Amino acid sequence: MDDKPNPEALSDSSEHLFSFGVIADVQYADLEDGFNFQGTRRRYYKHSLLHLQGAIEDWNNENSMPCCVLQLGDIIDGYNAQYNASEKSLELVMDMFKRLKVPVHHTWGNHEFYNFSREYLTHSKLNTKFLEDQIVHHPETMPSEDYYAYHFVPFPKFRFILLDAYDLSVLGVDQSSPKYEQCMKILREHNPNTELNSPQGLSEPQFVQFNGGFSQEQLNWLNEVLTFSDTNQEKVVIVSHLPIYPDASDNVCLAWNYRDALAVIWSHECVVCFFAGHTHDGGYSEDPFGVYHVNLEGVIETAPDSQAFGTVHVYPDKMMLKGRGRVPDRIMNYKKERAFHC
């Protein structure tokens with residue numbers, strides 16, 4: 001038997017189990033560079049497609065191929081809708097993803113809903129629920145069709161959960177529906193501003209229109225899946241477009257009811273990390289319960305000479321994020337009772 005460690009294992013004595021790719025906020029549009037809403041940060045609308053191409057080429061050429069890629073939402077920019085270019089831009093980005101040799105799991109963010117209705121997204125290639133795994137004899141772990149969330153097992157004893165952070169939202173919903181009315185009521189109760197995208201003067205600045213939240217139904221489902229994972233000693237990675245932990249995020253970018261999501265996660269042992277996009281700046285923090293919150297730097301605000309994506313290498317005792325460009329490397333050790341030996 002060859003004793004030489006493989007390249008991934010050089011930094012570590014334990015066995016490399018598998019890896020997965022992460023990328024966020026591509027926000028492609030066939031437009032010249034622009035700026036964010038505050039006019040403070042440049043956005044590279046056209047170049048974001050080249051960044052995506054570079055990321056895909058990198059993943060395809062890695063020594064140990066990632067098992068999948070997690071796309072954390074905002075795949076095309078809202079500007080596409082103004083130019084009637086939503087479908088064309090989505091097609092370009094999805095054609096680029098066809099070059100990837102492994103499956104991609106798509107999360108939905110606010111820019112998906114600026115371009116498309118929830119109904120449209122459900123029947124589009126951005127719906128990757130067909131990649132879900134089902135837990136036999138545990139119907140309570142089956143997600144409802146009322147929100148876009150699912151879970152899958154990329155490697156034995158590891159479960160990934162995609163959440164729908166716009167389950168409660170006024171975006172992409174028919175304005176005559178009860179759901180729209182319910183969500184608008186929540187938003188207006190917390191945000192008296194005429195411009196609902198403005199957090200000005202709010203004690204809870206996350207209550208703006210470009211954010212959303214998790215329904216109680218979805219949180220109950222998450223609780224059931226995490227209960228199963230606890231019982232079966234699985235490690236869990238959670239993915240959402242919106243972040244839920246204030247220390248890893250700009251407060252304006254959090255999910256409306258981030259505290260409710262944290263309460264569910266903190267009542268379980270199994271969650272290792274929570275990946276989100278949305279902030280563009282990135283963010284990172286370990287919470288008091290040992291869960292790592294990783295907010296990925298957005299491709300859209302990444303200069304042409306840089307990059308913004310990463311590969312997470314999974315070991316029996318930790319996960320290591322190998323970042324590219326402006327995404328930093330991170331080491332996420334499992335809590336002591338969570339380390340296991342294969």
# chains A, B, ... in the order shown; residues from 1 in each chain; ligands from 1

$ residues_around --residues "A:Phe155" --least-positions-apart "3" --cutoff "9 Å" --atoms "only C-alpha atoms" --output "PDB file with C-alpha atoms, in the first residue's frame"
ATOM      1  CA  LEU A  17     -13.436  12.100   2.951  1.00  0.00           C
ATOM      2  CA  PHE A  18     -14.906  14.290   0.212  1.00  0.00           C
ATOM      3  CA  CYS A  67     -18.999  15.750  -5.080  1.00  0.00           C
ATOM      4  CA  PHE A 158     -23.158  13.836   6.222  1.00  0.00           C
ATOM      5  CA  ARG A 159     -26.435  15.559   5.407  1.00  0.00           C
TER       6      ARG A 159
END

$ residues_around --residues "A:Gln218" --least-positions-apart "2" --cutoff "10 Å" --atoms "only C-alpha atoms" --output "VMD selection string"
chain A and resid 143 to 144 146 to 149 163 to 165 167 213 to 216 220 to 224 261

$ write_last_selection --atoms "N, CA, C and O atoms" --output "mmCIF file, in the first residue's frame"
data_model
loop_
_atom_site.group_PDB
_atom_site.id
_atom_site.type_symbol
_atom_site.label_atom_id
_atom_site.label_comp_id
_atom_site.auth_asym_id
_atom_site.auth_seq_id
_atom_site.Cartn_x
_atom_site.Cartn_y
_atom_site.Cartn_z
ATOM 1 N N PRO A 143 -39.967 17.486 2.822
ATOM 2 C CA PRO A 143 -40.383 18.893 2.792
ATOM 3 C C PRO A 143 -41.723 19.067 2.074
ATOM 4 O O PRO A 143 -42.094 18.255 1.233
ATOM 5 N N SER A 144 -42.406 20.141 2.404
ATOM 6 C CA SER A 144 -43.679 20.462 1.749
ATOM 7 C C SER A 144 -43.390 21.101 0.396
ATOM 8 O O SER A 144 -42.299 21.630 0.160
ATOM 9 N N ASP A 146 -44.827 23.715 -0.428
ATOM 10 C CA ASP A 146 -45.123 25.141 -0.209
ATOM 11 C C ASP A 146 -43.866 26.005 -0.115
ATOM 12 O O ASP A 146 -43.942 27.223 -0.130
ATOM 13 N N TYR A 147 -42.731 25.379 0.054
ATOM 14 C CA TYR A 147 -41.472 26.122 0.095
ATOM 15 C C TYR A 147 -40.425 25.309 -0.663
ATOM 16 O O TYR A 147 -40.615 24.104 -0.908
ATOM 17 N N TYR A 148 -39.328 25.956 -1.054
ATOM 18 C CA TYR A 148 -38.284 25.290 -1.830
ATOM 19 C C TYR A 148 -37.133 24.926 -0.895
ATOM 20 O O TYR A 148 -36.231 25.727 -0.641
ATOM 21 N N ALA A 149 -37.198 23.719 -0.362
ATOM 22 C CA ALA A 149 -36.158 23.247 0.554
ATOM 23 C C ALA A 149 -36.078 21.734 0.430
ATOM 24 O O ALA A 149 -37.075 21.079 0.115
ATOM 25 N N LEU A 163 -32.221 25.543 2.545
ATOM 26 C CA LEU A 163 -33.394 26.240 3.084
ATOM 27 C C LEU A 163 -33.903 27.293 2.108
ATOM 28 O O LEU A 163 -33.151 27.825 1.291
ATOM 29 N N ASP A 164 -35.177 27.616 2.248
ATOM 30 C CA ASP A 164 -35.835 28.653 1.455
ATOM 31 C C ASP A 164 -35.986 29.902 2.323
ATOM 32 O O ASP A 164 -36.893 29.996 3.145
ATOM 33 N N ALA A 165 -35.067 30.860 2.135
ATOM 34 C CA ALA A 165 -35.073 32.072 2.972
ATOM 35 C C ALA A 165 -36.107 33.093 2.504
ATOM 36 O O ALA A 165 -36.296 34.124 3.143
ATOM 37 N N ASP A 167 -39.294 32.037 1.803
ATOM 38 C CA ASP A 167 -40.552 31.346 2.077
ATOM 39 C C ASP A 167 -41.572 32.386 2.579
ATOM 40 O O ASP A 167 -42.729 32.401 2.160
ATOM 41 N N GLY A 213 -38.017 35.488 5.050
ATOM 42 C CA GLY A 213 -37.890 34.668 6.254
ATOM 43 C C GLY A 213 -38.354 33.240 6.035
ATOM 44 O O GLY A 213 -38.719 32.834 4.929
ATOM 45 N N PHE A 214 -38.316 32.467 7.117
ATOM 46 C CA PHE A 214 -38.674 31.043 7.110
ATOM 47 C C PHE A 214 -40.039 30.871 7.771
ATOM 48 O O PHE A 214 -40.234 31.335 8.898
ATOM 49 N N SER A 215 -40.956 30.188 7.099
ATOM 50 C CA SER A 215 -42.268 29.935 7.715
ATOM 51 C C SER A 215 -42.107 28.956 8.874
ATOM 52 O O SER A 215 -41.131 28.205 8.949
ATOM 53 N N GLN A 216 -43.088 28.977 9.763
ATOM 54 C CA GLN A 216 -43.064 28.033 10.885
ATOM 55 C C GLN A 216 -43.079 26.598 10.367
ATOM 56 O O GLN A 216 -42.421 25.711 10.909
ATOM 57 N N ASN A 220 -40.369 23.823 11.335
ATOM 58 C CA ASN A 220 -40.771 22.545 11.943
ATOM 59 C C ASN A 220 -40.147 21.376 11.179
ATOM 60 O O ASN A 220 -39.683 20.394 11.769
ATOM 61 N N TRP A 221 -40.158 21.513 9.849
ATOM 62 C CA TRP A 221 -39.548 20.472 9.004
ATOM 63 C C TRP A 221 -38.035 20.381 9.271
ATOM 64 O O TRP A 221 -37.484 19.284 9.441
ATOM 65 N N LEU A 222 -37.370 21.532 9.340
ATOM 66 C CA LEU A 222 -35.935 21.561 9.639
ATOM 67 C C LEU A 222 -35.661 20.861 10.973
ATOM 68 O O LEU A 222 -34.727 20.059 11.090
ATOM 69 N N ASN A 223 -36.493 21.139 11.946
ATOM 70 C CA ASN A 223 -36.356 20.521 13.265
ATOM 71 C C ASN A 223 -36.431 18.992 13.173
ATOM 72 O O ASN A 223 -35.657 18.275 13.819
ATOM 73 N N GLU A 224 -37.356 18.486 12.346
ATOM 74 C CA GLU A 224 -37.511 17.034 12.178
ATOM 75 C C GLU A 224 -36.273 16.420 11.523
ATOM 76 O O GLU A 224 -35.795 15.355 11.937
ATOM 77 N N ALA A 261 -34.673 30.647 13.355
ATOM 78 C CA ALA A 261 -33.843 29.627 12.700
ATOM 79 C C ALA A 261 -32.702 29.195 13.625
ATOM 80 O O ALA A 261 -32.410 28.003 13.761
#

$ select_by_dssp --residues "stretch 191-331 of chain A" --states "helix (DSSP H, G or I)" --output "PyMOL selection string"
chain A and resi 216-231+246-248+251-253+258-266+299-301

$ closest_residue --among "A:Asn110, A:Ser306, A:Gln38, A:Ser229" --to "A:Ala255" --atoms "only C-alpha atoms"
A:Asn110

$ closest_atom_pairs --of "stretch 36-65 of chain A" --to "stretch 96-109 of chain A" --cutoff "9 Å" --atoms "only C-alpha atoms" --output "CSV"
residue,atom,partner,partner_atom,distance
A:Leu49,CA,A:Met96,CA,8.0
A:Leu52,CA,A:Met96,CA,7.7
A:Gln53,CA,A:Met96,CA,6.6
A:Ile56,CA,A:Leu100,CA,5.6
A:Glu57,CA,A:Leu100,CA,7.6
A:Trp59,CA,A:Leu100,CA,7.7
A:Asn60,CA,A:Lys101,CA,6.2
A:Met65,CA,A:Val102,CA,8.1

$ write_last_selection --atoms "N, CA and C atoms" --output "mmCIF file, in the first residue's frame"
data_model
loop_
_atom_site.group_PDB
_atom_site.id
_atom_site.type_symbol
_atom_site.label_atom_id
_atom_site.label_comp_id
_atom_site.auth_asym_id
_atom_site.auth_seq_id
_atom_site.Cartn_x
_atom_site.Cartn_y
_atom_site.Cartn_z
ATOM 1 N N LEU A 49 -19.721 36.306 -15.325
ATOM 2 C CA LEU A 49 -19.831 35.044 -16.065
ATOM 3 C C LEU A 49 -18.446 34.417 -16.271
ATOM 4 N N LEU A 52 -17.423 32.826 -13.071
ATOM 5 C CA LEU A 52 -18.089 31.525 -12.943
ATOM 6 C C LEU A 52 -17.373 30.480 -13.797
ATOM 7 N N GLN A 53 -17.024 30.864 -15.010
ATOM 8 C CA GLN A 53 -16.298 29.947 -15.899
ATOM 9 C C GLN A 53 -14.986 29.500 -15.254
ATOM 10 N N ILE A 56 -15.642 26.986 -12.448
ATOM 11 C CA ILE A 56 -16.019 25.664 -12.972
ATOM 12 C C ILE A 56 -14.790 24.926 -13.502
ATOM 13 N N GLU A 57 -13.931 25.638 -14.215
ATOM 14 C CA GLU A 57 -12.698 25.007 -14.736
ATOM 15 C C GLU A 57 -11.835 24.513 -13.582
ATOM 16 N N TRP A 59 -12.827 23.670 -10.452
ATOM 17 C CA TRP A 59 -13.448 22.491 -9.819
ATOM 18 C C TRP A 59 -13.250 21.237 -10.670
ATOM 19 N N ASN A 60 -13.428 21.399 -11.987
ATOM 20 C CA ASN A 60 -13.279 20.245 -12.888
ATOM 21 C C ASN A 60 -11.866 19.682 -12.880
ATOM 22 N N MET A 65 -12.160 15.367 -7.268
ATOM 23 C CA MET A 65 -13.297 16.126 -7.789
ATOM 24 C C MET A 65 -14.311 16.398 -6.676
#

$ atom_distance --atom1 "atom CA of A:Lys157" --atom2 "atom CA of A:Met142"
18.2 Å

$ closest_residue --among "A:Ile135, A:Ala248, A:Leu92, A:Leu72" --to "A:Ala24" --atoms "only C-alpha atoms"
A:Leu72

$ closest_residue --among "A:Ile300, A:Val136, A:Cys273, A:Val264" --to "A:Lys335" --atoms "only C-alpha atoms"
A:Cys273

$ residues_around --residues "A:Thr141" --least-positions-apart "2" --cutoff "6 Å" --atoms "only C-alpha atoms" --output "list in words"
His138, Pro139, Glu224 and Val225 of chain A

$ atom_distance --atom1 "atom CA of A:Lys185" --atom2 "atom CA of A:Leu168"
10.9 Å

$ residues_around --residues "A:Asp174" --least-positions-apart "5" --cutoff "12 Å" --atoms "only C-alpha atoms" --output "ChimeraX atom specification"
/A:113,116-120,169,179-184

$ write_last_selection --atoms "all heavy atoms" --output "compact mmCIF listing (two decimals), in the first residue's frame"
# COMPACT_ATOMS: atom_id res chain seq x y z
N PHE A 113 -36.08 36.32 -7.61
CA PHE A 113 -37.47 36.77 -7.53
C PHE A 113 -37.70 38.13 -8.20
O PHE A 113 -38.82 38.48 -8.52
CB PHE A 113 -37.95 36.77 -6.08
CG PHE A 113 -38.05 35.39 -5.50
CD1 PHE A 113 -37.17 34.98 -4.50
CD2 PHE A 113 -38.99 34.49 -5.96
CE1 PHE A 113 -37.24 33.70 -3.97
CE2 PHE A 113 -39.07 33.20 -5.43
CZ PHE A 113 -38.20 32.81 -4.44
N PHE A 116 -38.11 36.42 -11.79
CA PHE A 116 -39.08 35.35 -12.05
C PHE A 116 -40.05 35.20 -10.87
O PHE A 116 -39.69 35.48 -9.73
CB PHE A 116 -38.36 34.01 -12.23
CG PHE A 116 -37.28 34.03 -13.28
CD1 PHE A 116 -35.95 33.94 -12.91
CD2 PHE A 116 -37.60 34.12 -14.63
CE1 PHE A 116 -34.93 33.94 -13.88
CE2 PHE A 116 -36.61 34.13 -15.60
CZ PHE A 116 -35.27 34.04 -15.23
N SER A 117 -41.23 34.71 -11.17
CA SER A 117 -42.17 34.38 -10.09
C SER A 117 -41.74 33.05 -9.47
O SER A 117 -40.99 32.27 -10.08
CB SER A 117 -43.58 34.23 -10.66
OG SER A 117 -43.65 33.07 -11.48
N ARG A 118 -42.23 32.79 -8.28
CA ARG A 118 -41.95 31.52 -7.60
C ARG A 118 -42.46 30.36 -8.47
O ARG A 118 -41.80 29.31 -8.58
CB ARG A 118 -42.62 31.51 -6.22
CG ARG A 118 -42.42 30.24 -5.43
CD ARG A 118 -42.89 30.39 -4.00
NE ARG A 118 -41.92 31.12 -3.20
CZ ARG A 118 -40.89 30.56 -2.54
NH1 ARG A 118 -40.71 29.26 -2.61
NH2 ARG A 118 -40.06 31.29 -1.83
N GLU A 119 -43.60 30.56 -9.08
CA GLU A 119 -44.19 29.54 -9.96
C GLU A 119 -43.22 29.20 -11.10
O GLU A 119 -42.98 28.04 -11.41
CB GLU A 119 -45.51 30.11 -10.50
CG GLU A 119 -46.20 29.25 -11.55
CD GLU A 119 -46.98 28.08 -10.96
OE1 GLU A 119 -47.01 27.91 -9.72
OE2 GLU A 119 -47.53 27.32 -11.76
N TYR A 120 -42.66 30.25 -11.72
CA TYR A 120 -41.71 30.04 -12.82
C TYR A 120 -40.48 29.27 -12.32
O TYR A 120 -40.02 28.32 -12.96
CB TYR A 120 -41.29 31.40 -13.41
CG TYR A 120 -40.34 31.28 -14.59
CD1 TYR A 120 -40.81 31.36 -15.89
CD2 TYR A 120 -38.96 31.10 -14.39
CE1 TYR A 120 -39.94 31.26 -16.99
CE2 TYR A 120 -38.09 30.98 -15.46
CZ TYR A 120 -38.58 31.06 -16.76
OH TYR A 120 -37.72 30.94 -17.82
N SER A 169 -42.02 36.17 2.14
CA SER A 169 -41.49 37.26 1.34
C SER A 169 -42.59 37.87 0.50
O SER A 169 -43.58 37.19 0.19
CB SER A 169 -40.39 36.72 0.42
OG SER A 169 -40.03 37.68 -0.55
N LYS A 179 -50.85 34.78 0.95
CA LYS A 179 -49.44 34.74 1.39
C LYS A 179 -48.80 36.12 1.24
O LYS A 179 -48.06 36.57 2.12
CB LYS A 179 -48.69 33.70 0.53
CG LYS A 179 -47.23 33.52 0.90
CD LYS A 179 -47.00 32.31 1.79
CE LYS A 179 -45.56 32.13 2.16
NZ LYS A 179 -45.00 30.83 1.85
N TYR A 180 -49.08 36.79 0.13
CA TYR A 180 -48.54 38.13 -0.09
C TYR A 180 -49.04 39.07 1.00
O TYR A 180 -48.25 39.84 1.59
CB TYR A 180 -48.93 38.66 -1.48
CG TYR A 180 -48.43 40.06 -1.76
CD1 TYR A 180 -47.17 40.28 -2.28
CD2 TYR A 180 -49.23 41.18 -1.48
CE1 TYR A 180 -46.70 41.57 -2.53
CE2 TYR A 180 -48.78 42.48 -1.72
CZ TYR A 180 -47.51 42.66 -2.25
OH TYR A 180 -47.05 43.93 -2.49
N GLU A 181 -50.33 39.00 1.26
CA GLU A 181 -50.92 39.88 2.30
C GLU A 181 -50.30 39.61 3.66
O GLU A 181 -49.97 40.54 4.40
CB GLU A 181 -52.44 39.67 2.37
CG GLU A 181 -53.19 40.33 1.22
CD GLU A 181 -54.69 40.06 1.28
OE1 GLU A 181 -55.24 39.95 2.40
OE2 GLU A 181 -55.31 39.96 0.20
N GLN A 182 -50.13 38.33 3.98
CA GLN A 182 -49.53 37.95 5.28
C GLN A 182 -48.11 38.51 5.39
O GLN A 182 -47.73 39.07 6.43
CB GLN A 182 -49.51 36.41 5.38
CG GLN A 182 -48.79 35.86 6.61
CD GLN A 182 -48.20 34.46 6.39
OE1 GLN A 182 -48.39 33.84 5.34
NE2 GLN A 182 -47.48 33.96 7.38
N CYS A 183 -47.32 38.36 4.31
CA CYS A 183 -45.92 38.80 4.35
C CYS A 183 -45.80 40.33 4.34
O CYS A 183 -44.94 40.89 5.02
CB CYS A 183 -45.15 38.19 3.18
SG CYS A 183 -45.04 36.39 3.31
N MET A 184 -46.69 40.98 3.60
CA MET A 184 -46.68 42.45 3.59
C MET A 184 -47.04 42.99 4.98
O MET A 184 -46.47 43.99 5.43
CB MET A 184 -47.65 42.96 2.52
CG MET A 184 -47.60 44.47 2.33
SD MET A 184 -45.93 45.15 2.01
CE MET A 184 -45.82 44.95 0.24

$ closest_atom_pairs --of "stretch 209-289 of chain A" --to "stretch 192-203 of chain A" --cutoff "10 Å" --atoms "only C-alpha atoms" --output "CSV"
residue,atom,partner,partner_atom,distance
A:Gln209,CA,A:Asn197,CA,5.0
A:Phe210,CA,A:Asn197,CA,6.2
A:Asn211,CA,A:Asn197,CA,8.7
A:Asn251,CA,A:Pro199,CA,9.8
A:Val252,CA,A:Pro199,CA,6.9

$ write_last_selection --atoms "all heavy atoms" --output "PDB file, in the first residue's frame"
ATOM      1  N   GLN A 209     -37.582  44.819   2.198  1.00  0.00           N
ATOM      2  CA  GLN A 209     -38.231  44.021   1.164  1.00  0.00           C
ATOM      3  C   GLN A 209     -37.276  43.056   0.463  1.00  0.00           C
ATOM      4  O   GLN A 209     -37.695  42.016  -0.030  1.00  0.00           O
ATOM      5  CB  GLN A 209     -38.859  44.968   0.137  1.00  0.00           C
ATOM      6  CG  GLN A 209     -39.792  44.298  -0.846  1.00  0.00           C
ATOM      7  CD  GLN A 209     -40.615  45.325  -1.601  1.00  0.00           C
ATOM      8  OE1 GLN A 209     -41.568  45.874  -1.066  1.00  0.00           O
ATOM      9  NE2 GLN A 209     -40.230  45.614  -2.831  1.00  0.00           N
ATOM     10  N   PHE A 210     -35.965  43.403   0.411  1.00  0.00           N
ATOM     11  CA  PHE A 210     -35.045  42.499  -0.298  1.00  0.00           C
ATOM     12  C   PHE A 210     -34.636  41.284   0.540  1.00  0.00           C
ATOM     13  O   PHE A 210     -33.901  40.415   0.078  1.00  0.00           O
ATOM     14  CB  PHE A 210     -33.812  43.241  -0.864  1.00  0.00           C
ATOM     15  CG  PHE A 210     -32.974  43.993   0.146  1.00  0.00           C
ATOM     16  CD1 PHE A 210     -32.114  43.337   1.008  1.00  0.00           C
ATOM     17  CD2 PHE A 210     -33.034  45.390   0.194  1.00  0.00           C
ATOM     18  CE1 PHE A 210     -31.323  44.028   1.913  1.00  0.00           C
ATOM     19  CE2 PHE A 210     -32.239  46.097   1.093  1.00  0.00           C
ATOM     20  CZ  PHE A 210     -31.386  45.412   1.958  1.00  0.00           C
ATOM     21  N   ASN A 211     -35.118  41.215   1.782  1.00  0.00           N
ATOM     22  CA  ASN A 211     -34.924  40.024   2.602  1.00  0.00           C
ATOM     23  C   ASN A 211     -36.232  39.241   2.696  1.00  0.00           C
ATOM     24  O   ASN A 211     -37.246  39.648   2.158  1.00  0.00           O
ATOM     25  CB  ASN A 211     -34.452  40.408   4.013  1.00  0.00           C
ATOM     26  CG  ASN A 211     -33.072  41.028   4.010  1.00  0.00           C
ATOM     27  OD1 ASN A 211     -32.286  40.794   3.097  1.00  0.00           O
ATOM     28  ND2 ASN A 211     -32.766  41.828   5.019  1.00  0.00           N
ATOM     29  N   ASN A 251     -26.109  43.601   9.610  1.00  0.00           N
ATOM     30  CA  ASN A 251     -27.447  43.402  10.199  1.00  0.00           C
ATOM     31  C   ASN A 251     -28.587  43.602   9.220  1.00  0.00           C
ATOM     32  O   ASN A 251     -29.663  43.048   9.387  1.00  0.00           O
ATOM     33  CB  ASN A 251     -27.640  44.348  11.397  1.00  0.00           C
ATOM     34  CG  ASN A 251     -26.951  43.811  12.632  1.00  0.00           C
ATOM     35  OD1 ASN A 251     -26.454  42.685  12.616  1.00  0.00           O
ATOM     36  ND2 ASN A 251     -26.895  44.602  13.691  1.00  0.00           N
ATOM     37  N   VAL A 252     -28.358  44.408   8.190  1.00  0.00           N
ATOM     38  CA  VAL A 252     -29.413  44.667   7.203  1.00  0.00           C
ATOM     39  C   VAL A 252     -29.657  43.438   6.329  1.00  0.00           C
ATOM     40  O   VAL A 252     -30.708  43.301   5.733  1.00  0.00           O
ATOM     41  CB  VAL A 252     -29.043  45.893   6.331  1.00  0.00           C
ATOM     42  CG1 VAL A 252     -30.079  46.154   5.251  1.00  0.00           C
ATOM     43  CG2 VAL A 252     -28.885  47.132   7.203  1.00  0.00           C
TER      44      VAL A 252
END

$ atom_distance --atom1 "atom CA of A:Phe274" --atom2 "atom CA of A:Val294"
6.1 Å

$ residues_around --residues "A:Asp329" --least-positions-apart "5" --cutoff "9 Å" --atoms "only C-alpha atoms" --output "ChimeraX atom specification"
/A:310,320-324

$ write_last_selection --atoms "C-alpha atoms" --output "mmCIF file, in the first residue's frame"
data_model
loop_
_atom_site.group_PDB
_atom_site.id
_atom_site.type_symbol
_atom_site.label_atom_id
_atom_site.label_comp_id
_atom_site.auth_asym_id
_atom_site.auth_seq_id
_atom_site.Cartn_x
_atom_site.Cartn_y
_atom_site.Cartn_z
ATOM 1 C CA GLY A 310 -14.153 28.028 -2.658
ATOM 2 C CA MET A 320 -11.446 23.169 5.590
ATOM 3 C CA LEU A 321 -12.559 25.896 3.215
ATOM 4 C CA LYS A 322 -9.949 26.562 0.554
ATOM 5 C CA GLY A 323 -10.914 29.984 -0.756
ATOM 6 C CA ARG A 324 -9.943 31.534 -4.092
#

$ select_by_dssp --residues "stretch 75-289 of chain A" --states "strand (DSSP E or B)" --output "MDAnalysis selection string"
chainID A and resid 76 104:106 150:155 158:162 168 213 235:239 271:276 283:286

$ residues_around --residues "stretch 76-83 of chain A" --least-positions-apart "5" --cutoff "9 Å" --atoms "only C-alpha atoms" --output "PyMOL selection string"
chain A and resi 25-31+45+88-90+93+110-116+300

$ closest_residue --among "A:Thr227, A:Asn333, A:Thr279, A:Ser64" --to "A:Leu296" --atoms "only C-alpha atoms"
A:Thr279
